[in-house]
Amino acid sequence: MNVESHEEIIHPEPTGFFRKYVWSYDHKVIAKQYFFTTMCFLLLGGFLAMLIRWQLAYPFQPVPILGKLLASRFFFDSTGAITPSGYLQIVTLHGTIMVFFVMIPLLVGAFGNFLIPLQIGARDVAFPLLNALSYWLYVLGGIVILSSLFLRQGAAESGWTAYPPLSDVSTATPGSGMGQIFWLIAIFIVGFSSIVGGINFLTTIVKMRAPGMTWGRLPLVTWAQLITAVFQTLATPVLGAAATLMLCDKLLKTAYFIPTGLQSADQLIGGAGGGHPLLWQHLFWFYSHPAVYILVLPAMGIASELIATFSRKPIFGYKPMVVSLAVIMGLGFVVWGHHMFVSGMSPAMATGFMMTTMLIALPSSVKVFNWLGTLWKGSIQLTSAGLCGISFVAMFIIGGLSGIFLAATPVDIYLHDSYYVIAHFHYIVFGASLFAIFGGIYYWFPKMFGRMMNERLGKLHWLLTFITFNLTFFPMHFLGEGGQMRRLATITNYEFLQPLQNLNVFISIAAFLLGISQLIFIFNFFYSMLYGKKAPANPWNATGLEWTLPSPVPYYNFEKIPMVYRGPYEYSSPEALKQGKDWIAQSDPLGFEKS
Amino acid sequence: MKKILMAGLIVALGICFFPQHCLALSFGYLLPNVNDAYGNMIDHMYSVIFWIVTIVFLITEGFLVFCVIRYRSKEGRQATYTHGNKYAEIIWTVIPAIILIWLAIYQKQTWDFIREDFPPPNKSLTVQVFAQQFAWNFRYADPKGSFGAPDDITTIDQMHVPVGKKVVIHMTSDDVIHDFFVPYARLKQDAVPGMLSESWFEMDKLGCWNLKSQTPMILTRKQFENLKVALDGFLLMYKVLGVTGARKYYYEPMPGKKFADVIYHGKVSREPIAQVQYVQHPFEIACSQLCGIGHYRMVGYLTVDTPASYRWWMKKMIKEKYQTNMRLWRVWDKYYPQYNN
Ligand SMILES: [Cu+2]
Ligand SMILES: [Cu+2]
């Protein structure tokens, strides 16, 4: 690590609006760009979820207000009710947007971009141009997916998993015409953006750490981003390949996923045939299982940071935490078949994937125990950020435990593709990851915008979200146990599901309250950005390098590249207590002055 | 403020975890199982995992809540400085590892039994299932036991199986992936175009409808044979109760019908429809894989028969030369002839 080489590439801060805010190379600006774009998509995705819940509670009833405004357009019929095709479009868009356009770019693009250089003591990422490219590719993908809404036959409607032949054969369902083509192009583009980002972060973390920032001193946020970047770089190309093959099927009349003799609308499809629908499932899940880890690993990093800081304790078992991340990375590539237990895949393969899936529960449980160990005998500050970090653990436990039912091949026969699965992954992606994200925002907001968020509103938002989230998603386990299948426009056509309809109404009402509670956060965010209390450099008395910088962080981050002397979470160490404080910054030379 | 927050925290944790989990504890939502061959094994696996998970849940969440309350920051509290503990790490790695590996091995037996130990053809009934948007087609072998002959029985959305008989399903799909899901039988298997998937089950209980209370009943073979149950002459109707779309189902005599075929102790007789108290009632077959805009209304009916009522049904189908959707079955005969005998 050569400090001088960094000095050479210092450019003055650009002054024009375009270079400063639009085509910026500054990782902090790009992080904010990601942040605001993903937040818009989060609102849209959440809004689509409200429509899903409306339809499930009051099937084919006109949607209040909005149905009138948009009657006969998008997902609505002339009375303002959601159509069966509209419902599938909503479900598909909700999943696609939340995975590809919210969680991945938010956790990696926004948090990764902002935090990695600051935490490793660098002035920027390794490839600033690629960084800007990655963001604008993501925006392009977003434009493509949103414009598919305006197509005559509507957006894609084969779910975010896009299983062929439903997705592949244009006559199988209205959305599988142009809508699916737009979907595939959008996925290809965001996939490309994700690969570019992954390579960039990988290089940055490996090559640009400040002197003294050894692997054993790297904050867990950055560790998690490193592992995530490996997933992004190695798994996403497979998704790109799969999307390309399906595009060929649709545009060039090939038949990669279309078997011989396939019929649709009483017509023989796919010319020569010879393809296989399960091939897509293998390729898709080879990416999308690791994608689940892309959705949760960075959040694990954030939660670790929050829990250590607000327990005022070093993280319990730093090394096991890192090792378990690495084990998740290794095993994460060989568990994808657990999505295919009832697909017709060989039962022997299912057993293999069941074994690896049982094993991958182990590193996750080790992490949980270490978080609990960190809380133990701490001095826990229940700030809004701290509460969110602790909620991550509480929700992650539930999501992890329900996963064991689904990993068990015999039990999965009954629970596969049911609301149990929906409950399970929403506990991980919403309950765990989104709580960590809220916590991360409360925590690093001062570093981003130079002002503090309102604590009172933050706690209120946490409390309401925590309650309504659980009231929404916990009962979904019961729906799954009662046999309710996912992606049904309504359950009322099945006699055996009738007893569950009241519970569906309950869940929908809880979901609406959950949606409304988010207004508090939005208000708090913008109000604090403009009028919040001015933030000191280190409002939480935290130890990372980012807290040695003024808030907000100046253009060049570090005037002088810092020297790192110790691990990332030196809270309550006896050395510090002698100085009258309960923390030592990583770059504090205390005890090293003489050497 | 701090006190209010603490109270809120405890109430929130209270509301969210414990009563909900106790509810789940009652197993109230798990549907009854009617597949004796392995449905109980699946439910057993479920409850084994359930108890393990519940204990882990109570320990971890309990410890978390304990820490948050006991070690919350207040005047004079000083966090303990520690980087971890080697022995603790070993304990909480090894114990979960043992449990998980044991679980993996333990469930493998059940899975192998369900998916690899198929009953031999001479001891089972084979039914071919051909899924299409948005219906289930079934084909039964002709009396000589082979499929694809001009006189075999094909039905749409109606499947009949004898109670206590192992049934092997050969299944594929015509257009997109569907999923054959019989919730009461713990049976779920994708129907994938271009490949044939095999599964099997054995029903040990029968469905029946009580006309007086207009409610469904699940009966053992003995209970069923002790009731006078109508095999035809009735229609399943429903009325929608309100904006939530919830339905109330009921059976009504077919308009104009005076007599129904009624089975009692294995004998079928014609009885005046007004005297009937019970009607044979099928279990539903759902589609569990997104298959297009009609996914939500893709319902099939699986009727479990006693040997006598199964014979009655078969005879009726043969007499009527009941066949539908032969275009589809010609596709099957072209691509899967090896499964026809
Ligand atoms: Cu997975
Ligand atoms: Cu279907």
# chains A, B, ... in the order shown; residues from 1 in each chain; ligands from 1
call {"tool": "interface_residues", "arguments": {"of": "chain A", "to": "chain B", "cutoff": "6 Å", "atoms": "only C-alpha atoms", "output": "count of residues only"}}
result
41
call {"tool": "residues_around", "arguments": {"residues": "segment 272-276 of chain A", "least_positions_apart": "2", "cutoff": "7 Å", "atoms": "only C-alpha atoms", "output": "PyMOL selection string"}}
result
(chain A and resi 255-261+270+278-279) or (chain B and resi 194)
call {"tool": "residues_near_ligand", "arguments": {"ligand": "ligand 1", "cutoff": "9 Å", "atoms": "only C-alpha atoms and all ligand atoms", "output": "PyMOL selection string"}}
result
chain A and resi 285-286+288-293+332+335-339+357
call {"tool": "write_last_selection", "arguments": {"atoms": "all heavy atoms", "output": "CSV table (one decimal), in the first residue's frame"}}
result
chain,number,residue,atom,x,y,z
A,285,TRP,N,-31.6,-20.2,-10.5
A,285,TRP,CA,-31.3,-20.3,-9.0
A,285,TRP,C,-29.8,-20.3,-8.7
A,285,TRP,O,-29.4,-20.0,-7.6
A,285,TRP,CB,-32.0,-21.5,-8.4
A,285,TRP,CG,-33.5,-21.2,-8.3
A,285,TRP,CD1,-34.5,-21.9,-9.0
A,285,TRP,CD2,-34.2,-20.2,-7.6
A,285,TRP,NE1,-35.7,-21.4,-8.7
A,285,TRP,CE2,-35.6,-20.3,-7.8
A,285,TRP,CE3,-33.7,-19.2,-6.7
A,285,TRP,CZ2,-36.5,-19.5,-7.3
A,285,TRP,CZ3,-34.7,-18.4,-6.1
A,285,TRP,CH2,-36.1,-18.6,-6.4
A,286,PHE,N,-29.0,-20.7,-9.7
A,286,PHE,CA,-27.5,-20.6,-9.5
A,286,PHE,C,-27.2,-19.2,-9.2
A,286,PHE,O,-26.3,-18.9,-8.4
A,286,PHE,CB,-26.8,-21.1,-10.7
A,286,PHE,CG,-25.3,-21.1,-10.5
A,286,PHE,CD1,-24.7,-22.2,-9.9
A,286,PHE,CD2,-24.5,-20.0,-10.8
A,286,PHE,CE1,-23.3,-22.3,-9.6
A,286,PHE,CE2,-23.1,-20.0,-10.5
A,286,PHE,CZ,-22.5,-21.1,-9.9
A,288,SER,N,-29.8,-16.8,-8.3
A,288,SER,CA,-30.7,-16.2,-7.4
A,288,SER,C,-30.6,-16.8,-6.0
A,288,SER,O,-31.1,-16.1,-5.0
A,288,SER,CB,-32.1,-16.3,-7.9
A,288,SER,OG,-32.3,-15.5,-9.0
A,289,HIS,N,-30.0,-17.9,-5.8
A,289,HIS,CA,-29.8,-18.3,-4.4
A,289,HIS,C,-28.7,-17.4,-3.8
A,289,HIS,O,-28.8,-16.7,-2.8
A,289,HIS,CB,-29.5,-19.7,-4.1
A,289,HIS,CG,-29.4,-19.9,-2.6
A,289,HIS,ND1,-30.5,-19.9,-1.8
A,289,HIS,CD2,-28.3,-19.7,-1.8
A,289,HIS,CE1,-30.1,-19.9,-0.5
A,289,HIS,NE2,-28.8,-19.8,-0.5
A,290,PRO,N,-27.5,-17.3,-4.5
A,290,PRO,CA,-26.5,-16.3,-4.0
A,290,PRO,C,-27.1,-14.9,-3.9
A,290,PRO,O,-26.7,-14.2,-3.0
A,290,PRO,CB,-25.4,-16.4,-5.1
A,290,PRO,CG,-25.5,-17.8,-5.6
A,290,PRO,CD,-26.9,-18.2,-5.6
A,291,ALA,N,-28.0,-14.6,-4.8
A,291,ALA,CA,-28.6,-13.2,-4.7
A,291,ALA,C,-29.3,-13.0,-3.4
A,291,ALA,O,-29.3,-11.9,-2.8
A,291,ALA,CB,-29.6,-13.0,-5.8
A,292,VAL,N,-29.9,-14.1,-2.8
A,292,VAL,CA,-30.5,-14.0,-1.5
A,292,VAL,C,-29.4,-13.6,-0.5
A,292,VAL,O,-29.7,-12.8,0.4
A,292,VAL,CB,-31.1,-15.3,-1.1
A,292,VAL,CG1,-31.7,-15.3,0.3
A,292,VAL,CG2,-32.2,-15.7,-2.1
A,293,TYR,N,-28.2,-14.1,-0.7
A,293,TYR,CA,-27.1,-13.7,0.2
A,293,TYR,C,-26.7,-12.3,-0.1
A,293,TYR,O,-26.2,-11.6,0.8
A,293,TYR,CB,-26.0,-14.7,0.2
A,293,TYR,CG,-26.4,-16.0,0.9
A,293,TYR,CD1,-26.7,-17.1,0.2
A,293,TYR,CD2,-26.6,-16.0,2.3
A,293,TYR,CE1,-27.2,-18.2,0.8
A,293,TYR,CE2,-27.1,-17.1,2.9
A,293,TYR,CZ,-27.4,-18.2,2.2
A,293,TYR,OH,-27.8,-19.3,2.8
A,332,GLY,N,-22.9,-21.1,-0.3
A,332,GLY,CA,-23.9,-20.4,-1.0
A,332,GLY,C,-24.0,-20.8,-2.5
A,332,GLY,O,-25.1,-20.6,-3.1
A,335,VAL,N,-26.2,-24.6,-3.1
A,335,VAL,CA,-27.5,-25.0,-2.4
A,335,VAL,C,-28.7,-24.6,-3.3
A,335,VAL,O,-29.8,-24.9,-2.9
A,335,VAL,CB,-27.6,-24.2,-1.1
A,335,VAL,CG1,-26.6,-24.6,-0.1
A,335,VAL,CG2,-27.7,-22.7,-1.3
A,336,TRP,N,-28.5,-24.2,-4.5
A,336,TRP,CA,-29.6,-23.6,-5.3
A,336,TRP,C,-30.7,-24.6,-5.5
A,336,TRP,O,-31.9,-24.2,-5.7
A,336,TRP,CB,-29.1,-23.0,-6.6
A,336,TRP,CG,-28.8,-24.0,-7.7
A,336,TRP,CD1,-29.7,-24.5,-8.6
A,336,TRP,CD2,-27.6,-24.7,-8.0
A,336,TRP,NE1,-29.1,-25.4,-9.4
A,336,TRP,CE2,-27.8,-25.6,-9.1
A,336,TRP,CE3,-26.3,-24.7,-7.4
A,336,TRP,CZ2,-26.8,-26.4,-9.6
A,336,TRP,CZ3,-25.3,-25.5,-8.0
A,336,TRP,CH2,-25.6,-26.3,-9.0
A,337,GLY,N,-30.4,-25.9,-5.6
A,337,GLY,CA,-31.4,-26.9,-5.9
A,337,GLY,C,-32.5,-27.0,-4.9
A,337,GLY,O,-33.5,-27.6,-5.1
A,338,HIS,N,-32.3,-26.3,-3.7
A,338,HIS,CA,-33.4,-26.4,-2.7
A,338,HIS,C,-34.7,-25.7,-3.2
A,338,HIS,O,-35.7,-25.8,-2.5
A,338,HIS,CB,-33.0,-26.0,-1.3
A,338,HIS,CG,-32.5,-24.6,-1.2
A,338,HIS,ND1,-31.6,-24.2,-0.3
A,338,HIS,CD2,-32.9,-23.5,-1.9
A,338,HIS,CE1,-31.4,-22.9,-0.5
A,338,HIS,NE2,-32.1,-22.4,-1.4
A,339,HIS,N,-34.6,-25.0,-4.2
A,339,HIS,CA,-35.8,-24.3,-4.8
A,339,HIS,C,-36.5,-25.3,-5.7
A,339,HIS,O,-37.5,-24.9,-6.3
A,339,HIS,CB,-35.4,-23.1,-5.6
A,339,HIS,CG,-34.8,-22.0,-4.7
A,339,HIS,ND1,-35.5,-21.0,-4.1
A,339,HIS,CD2,-33.5,-21.9,-4.3
A,339,HIS,CE1,-34.7,-20.3,-3.4
A,339,HIS,NE2,-33.4,-20.8,-3.4
A,357,THR,N,-27.9,-27.4,2.2
A,357,THR,CA,-28.7,-26.4,2.8
A,357,THR,C,-28.8,-26.5,4.3
A,357,THR,O,-28.7,-25.4,5.0
A,357,THR,CB,-30.1,-26.5,2.2
A,357,THR,OG1,-30.0,-26.5,0.8
A,357,THR,CG2,-31.0,-25.3,2.6
call {"tool": "select_by_dssp", "arguments": {"residues": "segment 371-519 of chain A", "states": "strand (DSSP E or B)", "output": "ChimeraX atom specification"}}
result
/A:380,418,451,485
call {"tool": "residues_around", "arguments": {"residues": "segment 449-456 of chain A", "least_positions_apart": "4", "cutoff": "12 Å", "atoms": "only C-alpha atoms", "output": "PyMOL selection string"}}
result
(chain A and resi 28-29+31-32+114+382-387+438-445+460-463+520-540+547+549-554) or (chain B and resi 1-2+4-5)
call {"tool": "atom_distance", "arguments": {"atom1": "atom CA of Leu497 of chain A", "atom2": "atom CA of Leu88 of chain A"}}
result
19.9 Å
call {"tool": "closest_residue", "arguments": {"among": "B:Ile169, B:Leu125, B:Ala135, B:Leu58", "to": "ligand 2", "atoms": "only C-alpha atoms and all ligand atoms"}}
result
B:Ala135
call {"tool": "closest_residue", "arguments": {"among": "B:Asp333, B:Glu320, B:Asp204, B:Asp157", "to": "ligand 2", "atoms": "only C-alpha atoms and all ligand atoms"}}
result
B:Asp157
call {"tool": "residues_around", "arguments": {"residues": "segment 130-141 of chain A", "least_positions_apart": "6", "cutoff": "6 Å", "atoms": "only C-alpha atoms", "output": "count of residues only"}}
result
7
call {"tool": "select_by_dssp", "arguments": {"residues": "segment 266-317 of chain B", "states": "alpha helix (DSSP H)", "output": "ChimeraX atom specification"}}
result
/B:307-317
call {"tool": "atom_distance", "arguments": {"atom1": "atom CA of Tyr427 of chain A", "atom2": "atom CA of Val102 of chain A"}}
result
16.3 Å
call {"tool": "atom_distance", "arguments": {"atom1": "atom CA of Ser176 of chain A", "atom2": "atom CA of Ala49 of chain A"}}
result
21.6 Å
call {"tool": "closest_residue", "arguments": {"among": "B:Asn122, B:Gly164, B:Ala131, B:Met203", "to": "ligand 2", "atoms": "only C-alpha atoms and all ligand atoms"}}
result
B:Ala131
call {"tool": "decode", "arguments": {"residues": "segment 236-293 of chain A", "atoms": "C-alpha atoms", "output": "PDB file, in the first residue's frame"}}
result
ATOM      1  CA  THR A 236     -24.450 -12.716 -11.886  1.00  0.00           C
ATOM      2  CA  PRO A 237     -22.882 -13.709 -15.235  1.00  0.00           C
ATOM      3  CA  VAL A 238     -24.925 -16.902 -15.064  1.00  0.00           C
ATOM      4  CA  LEU A 239     -28.110 -14.860 -14.783  1.00  0.00           C
ATOM      5  CA  GLY A 240     -26.973 -12.770 -17.730  1.00  0.00           C
ATOM      6  CA  ALA A 241     -26.366 -15.931 -19.750  1.00  0.00           C
ATOM      7  CA  ALA A 242     -29.776 -17.338 -18.820  1.00  0.00           C
ATOM      8  CA  ALA A 243     -31.490 -14.080 -19.774  1.00  0.00           C
ATOM      9  CA  THR A 244     -29.614 -14.059 -23.083  1.00  0.00           C
ATOM     10  CA  LEU A 245     -30.685 -17.612 -23.878  1.00  0.00           C
ATOM     11  CA  MET A 246     -34.303 -16.757 -23.187  1.00  0.00           C
ATOM     12  CA  LEU A 247     -34.040 -13.630 -25.289  1.00  0.00           C
ATOM     13  CA  CYS A 248     -32.760 -15.848 -28.120  1.00  0.00           C
ATOM     14  CA  ASP A 249     -35.762 -18.112 -27.612  1.00  0.00           C
ATOM     15  CA  LYS A 250     -38.073 -15.164 -27.923  1.00  0.00           C
ATOM     16  CA  LEU A 251     -36.370 -13.176 -30.661  1.00  0.00           C
ATOM     17  CA  LEU A 252     -34.436 -15.730 -32.716  1.00  0.00           C
ATOM     18  CA  LYS A 253     -36.849 -18.653 -32.371  1.00  0.00           C
ATOM     19  CA  THR A 254     -34.284 -20.896 -30.701  1.00  0.00           C
ATOM     20  CA  ALA A 255     -35.523 -23.448 -28.155  1.00  0.00           C
ATOM     21  CA  TYR A 256     -33.176 -23.510 -25.187  1.00  0.00           C
ATOM     22  CA  PHE A 257     -36.011 -23.854 -22.710  1.00  0.00           C
ATOM     23  CA  ILE A 258     -38.732 -25.215 -24.985  1.00  0.00           C
ATOM     24  CA  PRO A 259     -39.116 -28.983 -25.106  1.00  0.00           C
ATOM     25  CA  THR A 260     -40.045 -30.943 -28.198  1.00  0.00           C
ATOM     26  CA  GLY A 261     -43.758 -31.051 -28.845  1.00  0.00           C
ATOM     27  CA  LEU A 262     -44.738 -28.119 -26.633  1.00  0.00           C
ATOM     28  CA  GLN A 263     -48.202 -26.750 -27.306  1.00  0.00           C
ATOM     29  CA  SER A 264     -49.581 -23.359 -26.529  1.00  0.00           C
ATOM     30  CA  ALA A 265     -53.067 -22.160 -27.390  1.00  0.00           C
ATOM     31  CA  ASP A 266     -53.381 -25.488 -29.272  1.00  0.00           C
ATOM     32  CA  GLN A 267     -50.414 -24.620 -31.468  1.00  0.00           C
ATOM     33  CA  LEU A 268     -47.121 -26.471 -31.658  1.00  0.00           C
ATOM     34  CA  ILE A 269     -44.372 -24.171 -30.398  1.00  0.00           C
ATOM     35  CA  GLY A 270     -40.653 -23.870 -30.649  1.00  0.00           C
ATOM     36  CA  GLY A 271     -39.795 -25.389 -33.999  1.00  0.00           C
ATOM     37  CA  ALA A 272     -37.318 -28.154 -33.408  1.00  0.00           C
ATOM     38  CA  GLY A 273     -37.714 -28.082 -29.623  1.00  0.00           C
ATOM     39  CA  GLY A 274     -35.126 -30.059 -27.707  1.00  0.00           C
ATOM     40  CA  GLY A 275     -34.797 -27.555 -24.874  1.00  0.00           C
ATOM     41  CA  HIS A 276     -35.670 -28.120 -21.238  1.00  0.00           C
ATOM     42  CA  PRO A 277     -37.667 -25.935 -18.834  1.00  0.00           C
ATOM     43  CA  LEU A 278     -35.603 -27.114 -15.855  1.00  0.00           C
ATOM     44  CA  LEU A 279     -32.418 -25.719 -17.416  1.00  0.00           C
ATOM     45  CA  TRP A 280     -33.700 -22.212 -16.684  1.00  0.00           C
ATOM     46  CA  GLN A 281     -34.465 -23.125 -13.103  1.00  0.00           C
ATOM     47  CA  HIS A 282     -30.908 -24.363 -12.564  1.00  0.00           C
ATOM     48  CA  LEU A 283     -29.355 -21.293 -14.171  1.00  0.00           C
ATOM     49  CA  PHE A 284     -31.748 -18.873 -12.511  1.00  0.00           C
ATOM     50  CA  TRP A 285     -31.281 -20.271  -9.025  1.00  0.00           C
ATOM     51  CA  PHE A 286     -27.541 -20.640  -9.488  1.00  0.00           C
ATOM     52  CA  TYR A 287     -27.665 -16.875  -9.480  1.00  0.00           C
ATOM     53  CA  SER A 288     -30.703 -16.207  -7.363  1.00  0.00           C
ATOM     54  CA  HIS A 289     -29.768 -18.254  -4.370  1.00  0.00           C
ATOM     55  CA  PRO A 290     -26.489 -16.318  -4.026  1.00  0.00           C
ATOM     56  CA  ALA A 291     -28.641 -13.239  -4.714  1.00  0.00           C
ATOM     57  CA  VAL A 292     -30.486 -14.004  -1.500  1.00  0.00           C
ATOM     58  CA  TYR A 293     -27.125 -13.681   0.238  1.00  0.00           C
TER      59      TYR A 293
END
